[in-house]
Each structure stands twice: as structure tokens, then as C-alpha cells.
Amino acid sequence: MNQPINKPIVIEDQQKKESSPEQRPPNKKFYRKNGNQRRFHQRDSSRNQSNQLNLVNRTVSVVVPLYNEEDSLVELSVALKKVLDNLRCSWEVIFVDDGSTDTSFQKLQEINRVNSRFKALKFKRNYGKSSALQEGFKAAKGDYVITMDADLQDDPEGIPALITKLKEGYDLVSGWKKVRHDPFIKKHTSKLFNGVTSMMVGLKLHDYNCGLKAYKKDVVKNIKVYGEMHRYIPALAHLSGYKVTEIPVTHHERKYGKTKYGLSRFFNGLFDLITVLFTTKYIKRPLHLFGFIGVLSFLSGFGILLYLTILKFFESTPISGRPLFFVGILLAIVGVQFFSIGLIGEMITKTSVENDNVIIDKTLG
Ligand code: UDP
Ligand code: MG
């Protein structure tokens with residue numbers, strides 16, 4: 001199970017220039033090269049949506065975590081600028097370089113030189129996407145915060161629709177890659193994960209782990225993402241009381257480089273789900289979880305042993321040597337152990353001074 005990272009993240013370089021509004025002409029080629037009828041149509045509809053959005057006096061921050069994505073960055077920033085300019089509000093893009101070893105940060109420096117609304121942080125080493133998002137959230141100044149991957153798989157054209165949904169009253173709007181361009185195995189295991197997570201968390205989403213999401217400021221300032229918890233941000237938000245929904249977004253195949261996650265993602269994902277459920281639901285009342293499992297196990301064991309004892313007295317069947325006897329003993333012992341773990345957990349919780357992660361929604365007076 002992942003533990004919170006205690007070591008502070010060292011940010012090597014931070015671009016702070018706010019001047020030089022000169023901007024590079026948009027790279028029209030990018031659209032023409034990839035463009036098909038559908039895409040142009042989508043761009044028009046997203047522009048209409050941008051026009052209808054009233055974002056006067058609002059700021060939109062886009063947080064982009066990246067690790068060795070040198071080939072995508074210029075193309076991505078051109079596409080982002082186009083969409084964000086159409087929103088007619090103030091905006092910033094915060095690239096969080098998660099310790100890239102290629103020329104990604106040089107690319108970011110060039111982009112920042114051309115347009116200072118593109119800001120960047122660089123980690124001293126690779127901390128993982130969750131830490132990158134967390135630092136991006138800390139730095140974000142916007143009323144609305146968008147996250148997206150840097151590998152051009154997420155389409156910036158989806159941003160206006162996400163913000164529209166936020167304005168309808170949701171706190172977090174997650175993208176749903178309805179048509180996915182990922183390998184077969186990833187598509188299907190991810191379906192399983194989304195199903196299990198939806199059931200355990202009590203929030204039905206088709207796609208928990210879409211890079212493209214939109215948040216109200218309050219959510220990103222209150223939620224702590226660490227380890228590989230980024231997969232469960234909608235779960236964390238929902239369990240903290242925020243209104244969460246999803247809308248379909250366009251997804252593309254990875255154009256450059258390769259995915260940063262291998263098989264390990266499946267195991268880590270499962271452990272992180274347990275962590276999310278435990279830390280949000282049971283951290284302050286461990287006995288409710290461990291005690292429940294313990295009592296259930298002990299009672300089943302006790303029942304089995306009672307049954308065997310009755311058989312012994314009434315039918316003179318010998319107890320020992322029967323597999324059921326060992327199952328009974330095992331369940332009873334495991335039950336007591338679970339119960340004790342719950343009690344110890346309660347003792348630790350009671351002595352810790354930290355209060356619950358209470359998020360205050362409104363105050364009067
Ligand atoms: N990423 C990151 N740190 C990491 C691994 C990935 O910041 O340690 C970024 C990566 O550069 C990309 C995003 O997280 O922008 C999603 O990663 P990837 O595309 O490899 O995941 P996939 O699309 O295969 O789920
Ligand atoms: Mg990707």
C-alpha cells in the first residue's frame with residue numbers, strides 16, 4: 001500500500017516571468033495534418049460552446065503532468081492556446097515536469113519564453129503523476145482547474161464542455177474516453193477497475209482514470225493526491241462530499257513516446273483503491289472495518305466448531321482429522337486477530353491529534 005511521501009518535492013527551476021505577451025502564431029499544420037471532417041466539426045462546436053461560456057473575471061488553470069514527453073509539448077501548447085484564447089478569460093498553463101531525463105524542460109523553457117502564460121515546474125527526480133498533479137494544484141491560481149496528460153491523447157477541445165458542466169453546479173467533471181485508443185488488455189482491465197471502483201465507492205463512472213478532468217478550485221485545494229492515487233481523484237472527491245459527474249471526451253492514440261505504466265499499474269491500482277476506501281471511510285473508526293470482518297470470521301469458526309461438537313456428542317463422530325475442524329479453528333483465530341487489529345487501530349486513532357479532514361462548505365457570520 002502506498003504511503004504518503006514525506007520528503008518534500010524539490011522544484012529545480014520555476015519560471016516566474018509574467019511579461020512578454022508576444023505569441024507564436026498558431027501552428028495550423030497541426031490541425032490540418034491530423035484533421036478530418038469530424039475533428040473540424042468538433043472544433044467548431046467547441047468554439048460555439050466557448051462563446052456561450054461567460055467566464056468574465058474568471059481564471060482557468062490547466063495543469064499538465066509530464067514525464068519524458070519532449071515531442072508532444074510544442075504541439076500541445078499550440079492546441080491549448082487556441083482553445084484557451086477562445087474562452088475569453090485569463091488563463092495559465094502549468095506544466096509539471098516530473099523529473100524528465102529528456103529535453104522536455106528545455107522545450108518548456110522555449111514555450112515559456114514565447115508566452116509567459118505557460119509556466120513550468122521541474123522535479124528533481126521522478127515522483128509520479130500524483131505528486132505532479134498535487135504540486136500543479138498547489139500552484140494553480142484559477143477558479144477552474146483543468147488537468148490533462150501531455151502525450152496528446154487528451155484533446156484540449158474538450159475543455160469548454162467540461163467547464164460548462166462545472167458551471168451547471170458540479171465540483172468535478174471527469175472526462176470519459178467513450179471511444180478509447182489504448183491496447184486491448186488495458187481497455188478491458190480498465191473496464192473491470194471502473195466497475196469495481198464504482199461499486200465500492202458508490203459513484204458510477206465509466207472512466208475514473210481519464211487524464212482530462214475539470215475541477216472547481218475548492219476541490220483541488222482540499223484534496224491530497226499522493227502515491228498513485230490520481231486514479232481515484234473522483235472517488236476521493238465524492239467521498240469528501242463533492243458533486244462529481246462525467247462527460248464523453250475525445251481520446252487519441254499516443255502519437256510520440258510510449259506509456260509510462262506497465263503491468264504494475266494493475267496491482268498498484270488495486271492497493272490504492274483499498275487505501276482510498278480505508279483513509280476516507282475508516283481512518284477514524286478502524287474497529288468498524290476490522291471488527292466487522294473479525295466478528296464475521298469468529299462467528300463462522302465458532303459455528304463450525306459448535307456443529308462438530310454436537311455431532312461428537314450425539315453421533316459420536318470424532319472431531320479431529322476432519323478438514324472442517326481446521327477450517328473452524330482457523331476462522332476463529334483469524335477473527336480474534338482481526339478484532340485485535342481493529343482495537344489497536346482505535347487506540348492509535350484516539351491518541352493521534354490530527355482531526356478529521358473536515359472540509360467546510362459554507363459559513364455564516
Ligand atoms: N506521467 C508523469 N509521471 C510519471 C508517469 C507519467 O507525469 O511518473 C505523465 C505522462 O507524461 C503523461 C501522463 O502522466 O502526461 C499519463 O501517462 P501515460 O500516457 O504514460 O499513461 P497512459 O495514457 O498510458 O495511462
Ligand atoms: Mg497516455
# chains A, B, ... in the order shown; residues from 1 in each chain; ligands from 1
>>> residues_around(residues="region 333-346 of chain A", least_positions_apart="2", cutoff="9 Å", atoms="only C-alpha atoms", output="MDAnalysis selection string")
chainID A and resid 283:301 328:331 348:351
>>> residues_near_ligand(ligand="ligand 2", cutoff="10 Å", atoms="only C-alpha atoms and all ligand atoms", output="list in words")
Leu66, Met148, Asp149, Ala150, Asp151, Leu152, Gln153, Asp154, His181, Asp182, Cys210, Gly211, His251, His252, Glu253, Arg254, Lys255, Tyr256, Gly257, Lys258, Thr259, Lys260 and Tyr261 of chain A
>>> write_last_selection(atoms="N, CA and C atoms", output="PDB file, in the first residue's frame")
ATOM      1  N   LEU A  66       3.926  15.783 -16.721  1.00  0.00           N
ATOM      2  CA  LEU A  66       4.615  15.158 -17.854  1.00  0.00           C
ATOM      3  C   LEU A  66       5.919  14.515 -17.419  1.00  0.00           C
ATOM      4  N   MET A 148      -4.800  17.627 -17.685  1.00  0.00           N
ATOM      5  CA  MET A 148      -4.748  16.773 -18.873  1.00  0.00           C
ATOM      6  C   MET A 148      -3.357  16.187 -19.050  1.00  0.00           C
ATOM      7  N   ASP A 149      -3.274  15.050 -19.745  1.00  0.00           N
ATOM      8  CA  ASP A 149      -1.980  14.429 -19.994  1.00  0.00           C
ATOM      9  C   ASP A 149      -1.235  15.214 -21.062  1.00  0.00           C
ATOM     10  N   ALA A 150       0.086  14.993 -21.106  1.00  0.00           N
ATOM     11  CA  ALA A 150       0.897  15.768 -22.038  1.00  0.00           C
ATOM     12  C   ALA A 150       1.137  15.037 -23.348  1.00  0.00           C
ATOM     13  N   ASP A 151       0.614  13.821 -23.470  1.00  0.00           N
ATOM     14  CA  ASP A 151       1.012  12.989 -24.613  1.00  0.00           C
ATOM     15  C   ASP A 151       0.087  13.115 -25.818  1.00  0.00           C
ATOM     16  N   LEU A 152      -0.752  14.154 -25.836  1.00  0.00           N
ATOM     17  CA  LEU A 152      -1.683  14.433 -26.930  1.00  0.00           C
ATOM     18  C   LEU A 152      -2.812  13.403 -27.029  1.00  0.00           C
ATOM     19  N   GLN A 153      -2.938  12.524 -26.027  1.00  0.00           N
ATOM     20  CA  GLN A 153      -4.062  11.571 -26.049  1.00  0.00           C
ATOM     21  C   GLN A 153      -5.349  12.281 -25.638  1.00  0.00           C
ATOM     22  N   ASP A 154      -5.222  13.253 -24.728  1.00  0.00           N
ATOM     23  CA  ASP A 154      -6.385  14.047 -24.327  1.00  0.00           C
ATOM     24  C   ASP A 154      -6.500  15.239 -25.271  1.00  0.00           C
ATOM     25  N   HIS A 181      -8.466   4.713 -27.435  1.00  0.00           N
ATOM     26  CA  HIS A 181      -7.415   4.258 -28.354  1.00  0.00           C
ATOM     27  C   HIS A 181      -6.249   3.744 -27.534  1.00  0.00           C
ATOM     28  N   ASP A 182      -6.497   2.669 -26.834  1.00  0.00           N
ATOM     29  CA  ASP A 182      -5.468   2.055 -25.990  1.00  0.00           C
ATOM     30  C   ASP A 182      -5.371   0.580 -26.344  1.00  0.00           C
ATOM     31  N   CYS A 210      -9.381   9.060 -16.427  1.00  0.00           N
ATOM     32  CA  CYS A 210      -9.152   9.872 -17.621  1.00  0.00           C
ATOM     33  C   CYS A 210      -8.274  11.054 -17.209  1.00  0.00           C
ATOM     34  N   GLY A 211      -7.261  11.344 -18.022  1.00  0.00           N
ATOM     35  CA  GLY A 211      -6.351  12.447 -17.679  1.00  0.00           C
ATOM     36  C   GLY A 211      -7.061  13.791 -17.708  1.00  0.00           C
ATOM     37  N   HIS A 251     -10.611  10.913 -27.388  1.00  0.00           N
ATOM     38  CA  HIS A 251      -9.335  10.332 -26.972  1.00  0.00           C
ATOM     39  C   HIS A 251      -8.548   9.960 -28.217  1.00  0.00           C
ATOM     40  N   HIS A 252      -7.255  10.192 -28.194  1.00  0.00           N
ATOM     41  CA  HIS A 252      -6.433   9.858 -29.366  1.00  0.00           C
ATOM     42  C   HIS A 252      -5.404   8.799 -29.015  1.00  0.00           C
ATOM     43  N   GLU A 253      -4.858   8.205 -30.072  1.00  0.00           N
ATOM     44  CA  GLU A 253      -3.765   7.267 -29.836  1.00  0.00           C
ATOM     45  C   GLU A 253      -2.528   8.033 -29.411  1.00  0.00           C
ATOM     46  N   ARG A 254      -1.641   7.381 -28.659  1.00  0.00           N
ATOM     47  CA  ARG A 254      -0.396   8.039 -28.297  1.00  0.00           C
ATOM     48  C   ARG A 254       0.405   8.275 -29.572  1.00  0.00           C
ATOM     49  N   LYS A 255       0.828   9.527 -29.783  1.00  0.00           N
ATOM     50  CA  LYS A 255       1.489   9.855 -31.039  1.00  0.00           C
ATOM     51  C   LYS A 255       3.004   9.673 -30.928  1.00  0.00           C
ATOM     52  N   TYR A 256       3.563  10.134 -29.829  1.00  0.00           N
ATOM     53  CA  TYR A 256       5.014  10.033 -29.629  1.00  0.00           C
ATOM     54  C   TYR A 256       5.306   9.288 -28.328  1.00  0.00           C
ATOM     55  N   GLY A 257       6.516   8.742 -28.242  1.00  0.00           N
ATOM     56  CA  GLY A 257       6.950   8.098 -26.990  1.00  0.00           C
ATOM     57  C   GLY A 257       6.071   6.915 -26.627  1.00  0.00           C
ATOM     58  N   LYS A 258       6.273   6.433 -25.400  1.00  0.00           N
ATOM     59  CA  LYS A 258       5.431   5.297 -25.008  1.00  0.00           C
ATOM     60  C   LYS A 258       4.870   5.497 -23.595  1.00  0.00           C
ATOM     61  N   THR A 259       3.900   4.639 -23.235  1.00  0.00           N
ATOM     62  CA  THR A 259       3.240   4.790 -21.945  1.00  0.00           C
ATOM     63  C   THR A 259       4.243   4.612 -20.800  1.00  0.00           C
ATOM     64  N   LYS A 260       3.970   5.284 -19.694  1.00  0.00           N
ATOM     65  CA  LYS A 260       4.913   5.253 -18.573  1.00  0.00           C
ATOM     66  C   LYS A 260       4.533   4.179 -17.562  1.00  0.00           C
ATOM     67  N   TYR A 261       3.437   3.484 -17.837  1.00  0.00           N
ATOM     68  CA  TYR A 261       2.986   2.478 -16.879  1.00  0.00           C
ATOM     69  C   TYR A 261       2.974   1.095 -17.504  1.00  0.00           C
TER      70      TYR A 261
END
>>> select_by_dssp(residues="region 108-207 of chain A", states="helix (DSSP H, G or I)", output="PyMOL selection string")
chain A and resi 108-114+129-139+156-167+184-201
>>> residues_around(residues="Asn209 (chain A)", least_positions_apart="2", cutoff="9 Å", atoms="only C-alpha atoms", output="mmCIF file with C-alpha atoms, in the first residue's frame")
data_model
loop_
_atom_site.group_PDB
_atom_site.id
_atom_site.type_symbol
_atom_site.label_atom_id
_atom_site.label_comp_id
_atom_site.auth_asym_id
_atom_site.auth_seq_id
_atom_site.Cartn_x
_atom_site.Cartn_y
_atom_site.Cartn_z
ATOM 1 C CA SER A 174 -14.285 13.813 -15.335
ATOM 2 C CA GLY A 175 -13.692 13.004 -18.985
ATOM 3 C CA TRP A 176 -14.999 9.674 -20.228
ATOM 4 C CA SER A 190 -9.669 -0.757 -17.011
ATOM 5 C CA ASN A 194 -14.005 1.102 -13.192
ATOM 6 C CA ASP A 207 -13.815 6.149 -16.595
ATOM 7 C CA GLY A 211 -6.351 12.447 -17.679
ATOM 8 C CA LEU A 212 -8.759 15.168 -18.784
ATOM 9 C CA HIS A 230 -4.506 10.108 -9.162
ATOM 10 C CA ARG A 231 -6.609 7.219 -10.477
ATOM 11 C CA TYR A 232 -9.105 7.762 -7.725
ATOM 12 C CA ILE A 233 -9.433 11.537 -7.530
ATOM 13 C CA PRO A 234 -13.167 11.352 -8.417
#
>>> closest_residue(among="A:Pro323, A:Pro65, A:Gly128, A:Gly365", to="Asp97 (chain A)", atoms="only C-alpha atoms")
A:Pro65
>>> atom_distance(atom1="CA of Leu53 (chain A)", atom2="CA of Asp85 (chain A)")
12.6 Å
>>> closest_residue(among="A:Val244, A:Arg265, A:Leu172, A:Tyr127", to="Lys186 (chain A)", atoms="only C-alpha atoms")
A:Arg265
>>> closest_residue(among="A:Ala235, A:Leu273, A:Val96, A:Leu311", to="ligand 1", atoms="only C-alpha atoms and all ligand atoms")
A:Val96
>>> select_by_dssp(residues="region 107-263 of chain A", states="strand (DSSP E or B)", output="VMD selection string")
chain A and resid 118 to 123 144 to 147 154 172 to 177 213 to 216 244 to 249 251
>>> residues_around(residues="Thr101 (chain A)", least_positions_apart="2", cutoff="7 Å", atoms="only C-alpha atoms", output="VMD selection string")
chain A and resid 68 99 103
>>> closest_residue(among="A:Ser264, A:Val56, A:Thr197, A:His206", to="ligand 1", atoms="only C-alpha atoms and all ligand atoms")
A:Ser264
>>> atom_distance(atom1="CA of Leu76 (chain A)", atom2="CA of Lys122 (chain A)")
17.8 Å
>>> atom_distance(atom1="CA of Ile163 (chain A)", atom2="CA of Ile146 (chain A)")
8.6 Å
>>> closest_residue(among="A:Ser90, A:Ser77, A:Ser72, A:Asn112", to="ligand 1", atoms="only C-alpha atoms and all ligand atoms")
A:Ser72
>>> residues_around(residues="Leu277 (chain A)", least_positions_apart="4", cutoff="8 Å", atoms="only C-alpha atoms", output="ChimeraX atom specification")
/A:200-201,273,281-282
>>> write_last_selection(atoms="C-alpha atoms", output="mmCIF file, in the first residue's frame")
data_model
loop_
_atom_site.group_PDB
_atom_site.id
_atom_site.type_symbol
_atom_site.label_atom_id
_atom_site.label_comp_id
_atom_site.auth_asym_id
_atom_site.auth_seq_id
_atom_site.Cartn_x
_atom_site.Cartn_y
_atom_site.Cartn_z
ATOM 1 C CA MET A 200 -17.014 0.118 -3.787
ATOM 2 C CA VAL A 201 -17.119 3.897 -3.829
ATOM 3 C CA LEU A 273 -8.356 1.646 -4.079
ATOM 4 C CA LYS A 281 -14.136 5.908 5.308
ATOM 5 C CA TYR A 282 -12.447 4.107 8.168
#
>>> closest_residue(among="A:Lys216, A:Lys124, A:Lys82, A:Lys221", to="Tyr170 (chain A)", atoms="only C-alpha atoms")
A:Lys216
